Structures are given as structure tokens and as C-alpha cells.
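*Asks:* First, the structure itself, so that you have it in front of you.
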Amino acid sequence: MILKKDIITDKNPLLRNRSVDVTFPLSKEDEQTIQDMIKYIDMSQDNDLSLKYDLQPGVGLAAPQIGVLKKMFVVKAEDEKGVLHHYALINPKLLSHSVQDSYLASGEGCLSVPTSHEGFVKRHYKIKMSGYDYLTKQDVVISVKGYISIIIQHEYDHLFGILYYDHIDKKNPLVPIEGAIEVV
Ligand code: NI
């Protein structure tokens, strides 16, 4: 079980490393890791359990955030229409993205970043990503836009040691990004 103490913060240089591909068939250890990540996100979104275990609610978690430098992340969130998107992607690969940019109106946050970094984060509006989905146990190609696309890009960045605030314009953090769709 993953607890607050198991999630490393941006003070830990491990978070800045690149992750490696996961090998198939999955090892017992890798299976345990992805299962623990799925469980953490589920529990963190449950009011009673998050209080009981002092879990910070999250819509996504990438393996490097628990110190495992392997290409895996979990996303669980509702899109703008209230449709739930739940993925546990292994070896995700960004296949394509829109020219159109976007950014989250409220800015982004991260379980590994305890201090707030105000500012807009430029993201692709739409993306297409492949990977093995551990939840459905099959290879998938996911096409998403808006909020879910932003979350997935945030988690994908973790696999390359990139944090959301790396993308914030240091001089003009809160100037709306030109030509980008504001996602609310
Ligand atoms: Ni994050």
C-alpha cells in the first residue's frame, strides 16, 4: 500500500530521471507496483479512506513518484462531460498531438510538489497515446482532449523527469497563453 511517506517530492533528484520501458511478461514486482498505484488513486478519491490514511487526493500518479523509474502511470478523472476516464498505462507512447494548445485555467498541481507554483502550463489540446492498459489487460490507443489530455500529458512528463512548473513562463506565469484553449 502506498502512503503519503512513499511519494517522493521534487526535492528528491530521482524525480528528474528518465524512466525505462517495462518488460513483458510483467514481473511480480511490476504488477505489484501498478496495482498499488491503482489502489492509491482509488483510495485517495474516497473521502473516508483519504481521511483515514491521510492521503492527498490525486487524479494521476506516475511510477517515478514512488521512486520506481519505470514507464507506468495511472489516471482516474471525469472529463468535461462527466465521463470517467480510468487508465493504468504501461509503456505509454505519445503518437500524435494537435497543433492547438490548451492550458488548465486553475493551473496544475502534483502530489510530488508540496509548494504551489502559480502559472499556466502549456499543453496540447488533443493527444493520441498508445500503451498497455493494465485495467483492461490489452494494448490500447487513447484519443483524448481537454482536461483528460492535460492530466495524461502531466503524468507522461513524469516518465521523462519533467515537472509541470518547468512549462510555466517564468516572466509571465499568469498571462493567458496566446492561441490556446482555456480548459476550465
Ligand atoms: Ni505530478
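Labels used: A, B, ... for chains in the order of the C-alpha cells, numbers from 1 for residues in each chain, and numbers from 1 for ligands as shown.
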DSSP on the backbone: what in range 59-183 of chain A comes out strand (DSSP E or B), as a tab-separated table (two decimals) with C-alpha atoms, in the first residue's frame?

*Replies:*
chain	number	residue	atom	x	y	z
A	60	GLY	CA	-3.00	10.71	-11.51
A	61	LEU	CA	0.15	9.04	-10.27
A	62	ALA	CA	3.29	8.03	-12.14
A	70	LYS	CA	9.62	2.61	-14.99
A	72	MET	CA	3.84	3.36	-15.81
A	73	PHE	CA	1.13	5.75	-14.70
A	74	VAL	CA	-2.46	5.74	-13.52
A	75	VAL	CA	-5.10	8.33	-14.40
A	76	LYS	CA	-8.62	8.49	-13.00
A	77	ALA	CA	-10.80	11.53	-13.59
A	78	GLU	CA	-14.02	12.72	-15.17
A	84	LEU	CA	-14.96	8.76	-16.20
A	85	HIS	CA	-11.54	8.05	-17.74
A	86	HIS	CA	-9.59	5.39	-15.90
A	87	TYR	CA	-6.27	4.09	-17.23
A	88	ALA	CA	-3.27	2.24	-15.88
A	89	LEU	CA	-0.86	2.64	-18.77
A	90	ILE	CA	2.37	0.72	-19.16
A	91	ASN	CA	4.95	1.82	-21.75
A	92	PRO	CA	2.79	4.70	-22.98
A	93	LYS	CA	3.87	6.42	-26.16
A	94	LEU	CA	2.65	9.75	-27.49
A	95	LEU	CA	1.66	9.01	-31.09
A	96	SER	CA	0.39	12.42	-32.17
A	97	HIS	CA	-1.00	15.68	-30.89
A	101	ASP	CA	-2.57	24.21	-27.48
A	102	SER	CA	-4.51	24.47	-24.23
A	103	TYR	CA	-3.96	25.12	-20.57
A	104	LEU	CA	-5.82	24.46	-17.36
A	121	VAL	CA	1.03	25.23	-18.19
A	123	ARG	CA	-0.31	21.53	-23.14
A	124	HIS	CA	-1.51	20.03	-26.39
A	126	LYS	CA	-5.68	16.77	-28.10
A	127	ILE	CA	-3.38	13.78	-27.95
A	128	LYS	CA	-3.29	10.22	-29.16
A	129	MET	CA	-1.37	7.76	-26.99
A	130	SER	CA	-0.68	4.06	-27.17
A	131	GLY	CA	0.22	1.71	-24.36
A	132	TYR	CA	-0.75	-1.42	-22.49
A	133	ASP	CA	-3.68	-0.78	-20.18
A	138	GLN	CA	-4.89	-5.04	-23.53
A	139	ASP	CA	-2.96	-2.75	-25.84
A	140	VAL	CA	-4.88	0.46	-26.31
A	141	VAL	CA	-4.78	3.66	-28.32
A	142	ILE	CA	-6.36	6.53	-26.43
A	143	SER	CA	-7.57	9.72	-28.12
A	144	VAL	CA	-8.46	12.43	-25.63
A	145	LYS	CA	-8.82	16.19	-25.44
A	168	ILE	CA	5.41	27.84	-16.81
A	181	ILE	CA	-7.86	26.95	-25.37
A	182	GLU	CA	-8.51	27.61	-21.72
A	183	VAL	CA	-9.76	24.40	-20.10

*Asks:* Report as a PyMOL selection string which protein, DNA and RNA residues come within 7 Å of ligand 1, using only C-alpha atoms and all ligand atoms.

*Replies:* chain A and resi 61+109-112+154-155+158+163

*Asks:* Residues as selected, N, CA, C and O atoms, written as a PDB file, in the first residue's frame, can you do that?

*Replies:*
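Result written to out_6.pdb:
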ATOM      1  N   LEU A  61      -1.079   9.373 -10.991  1.00  0.00           N
ATOM      2  CA  LEU A  61       0.152   9.041 -10.265  1.00  0.00           C
ATOM      3  C   LEU A  61       1.066   8.269 -11.217  1.00  0.00           C
ATOM      4  O   LEU A  61       0.631   7.329 -11.882  1.00  0.00           O
ATOM      5  N   GLY A 109      -1.377  20.953 -10.402  1.00  0.00           N
ATOM      6  CA  GLY A 109      -0.795  20.593  -9.115  1.00  0.00           C
ATOM      7  C   GLY A 109      -0.215  19.202  -9.251  1.00  0.00           C
ATOM      8  O   GLY A 109      -0.429  18.531 -10.264  1.00  0.00           O
ATOM      9  N   CYS A 110       0.529  18.780  -8.257  1.00  0.00           N
ATOM     10  CA  CYS A 110       1.189  17.484  -8.338  1.00  0.00           C
ATOM     11  C   CYS A 110       1.418  16.961  -6.928  1.00  0.00           C
ATOM     12  O   CYS A 110       1.810  17.728  -6.041  1.00  0.00           O
ATOM     13  N   LEU A 111       1.183  15.663  -6.745  1.00  0.00           N
ATOM     14  CA  LEU A 111       1.377  15.052  -5.424  1.00  0.00           C
ATOM     15  C   LEU A 111       2.834  15.162  -4.971  1.00  0.00           C
ATOM     16  O   LEU A 111       3.117  15.086  -3.798  1.00  0.00           O
ATOM     17  N   SER A 112       3.743  15.339  -5.932  1.00  0.00           N
ATOM     18  CA  SER A 112       5.174  15.423  -5.616  1.00  0.00           C
ATOM     19  C   SER A 112       5.679  16.857  -5.457  1.00  0.00           C
ATOM     20  O   SER A 112       6.876  17.066  -5.271  1.00  0.00           O
ATOM     21  N   HIS A 154       0.628  15.449 -18.207  1.00  0.00           N
ATOM     22  CA  HIS A 154       1.319  15.702 -16.928  1.00  0.00           C
ATOM     23  C   HIS A 154       1.984  14.414 -16.427  1.00  0.00           C
ATOM     24  O   HIS A 154       3.157  14.416 -16.048  1.00  0.00           O
ATOM     25  N   GLU A 155       1.235  13.308 -16.462  1.00  0.00           N
ATOM     26  CA  GLU A 155       1.783  12.030 -15.982  1.00  0.00           C
ATOM     27  C   GLU A 155       2.888  11.521 -16.913  1.00  0.00           C
ATOM     28  O   GLU A 155       3.904  10.992 -16.463  1.00  0.00           O
ATOM     29  N   HIS A 158       6.231  12.950 -16.253  1.00  0.00           N
ATOM     30  CA  HIS A 158       6.956  12.365 -15.115  1.00  0.00           C
ATOM     31  C   HIS A 158       7.924  11.265 -15.572  1.00  0.00           C
ATOM     32  O   HIS A 158       8.959  11.042 -14.960  1.00  0.00           O
ATOM     33  N   LEU A 163       8.591  18.209 -14.682  1.00  0.00           N
ATOM     34  CA  LEU A 163       7.523  18.602 -13.763  1.00  0.00           C
ATOM     35  C   LEU A 163       6.726  19.760 -14.365  1.00  0.00           C
ATOM     36  O   LEU A 163       7.241  20.514 -15.188  1.00  0.00           O
TER      37      LEU A 163
END

*Asks:* Rounded to one decimal place, report the CA of Ile151 in chain A-CA of Pro176 in chain A distance in Å.

*Replies:*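 Computing the Euclidean distance for CA of Ile151 in chain A and CA of Pro176 in chain A yields 19.0 Å.
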
*Asks:* What are the DSSP helix (DSSP H, G or I) residues of range 23-70 of chain A, as a list in words?

*Replies:*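 Taking range 23-70 of chain A and keeping helix (DSSP H, G or I) gives Lys28, Glu29, Asp30, Glu31, Gln32, Thr33, Ile34, Gln35, Asp36, Met37, Ile38, Lys39, Tyr40, Ile41, Asp42, Met43, Ser44, Asn47, Asp48, Leu49, Ser50, Leu51, Lys52, Ala63, Pro64, Gln65 and Ile66 of chain A.
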
*Asks:* One number please: CA of Ile7 in chain A to CA of Gln65 in chain A, in Å, one decimal.

*Replies:*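 Interatomic distance, CA of Ile7 in chain A to CA of Gln65 in chain A: 5.5 Å.
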
*Asks:* Nearest to Gly119 in chain A: which of A:Tyr147, A:Asp166, A:Val83, A:Ser98 is it, counting only C-alpha atoms?

*Replies:*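 Once distances to Gly119 in chain A are computed over only C-alpha atoms, the minimum belongs to A:Asp166.
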
*Asks:* If you measure from CA of Lys11 in chain A to CA of Pro114 in chain A, what distance in Å do you get, rounded to one decimal?

*Replies:*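 So the answer is 9.8 Å.
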
*Asks:* Of the candidates A:Lys71, A:Met1, A:Ser27, A:Gln56, which one gets nearest to Tyr156 in chain A if we count only C-alpha atoms?

*Replies:* A:Lys71

*Asks:* In terms of the shortest atom-to-atom distance over only C-alpha atoms, which of A:Asn17, A:Ser106, A:Asn172, A:Thr136 is closest to Leu159 in chain A?

*Replies:*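 That would be A:Asn17, the residue with the smallest distance to Leu159 in chain A.
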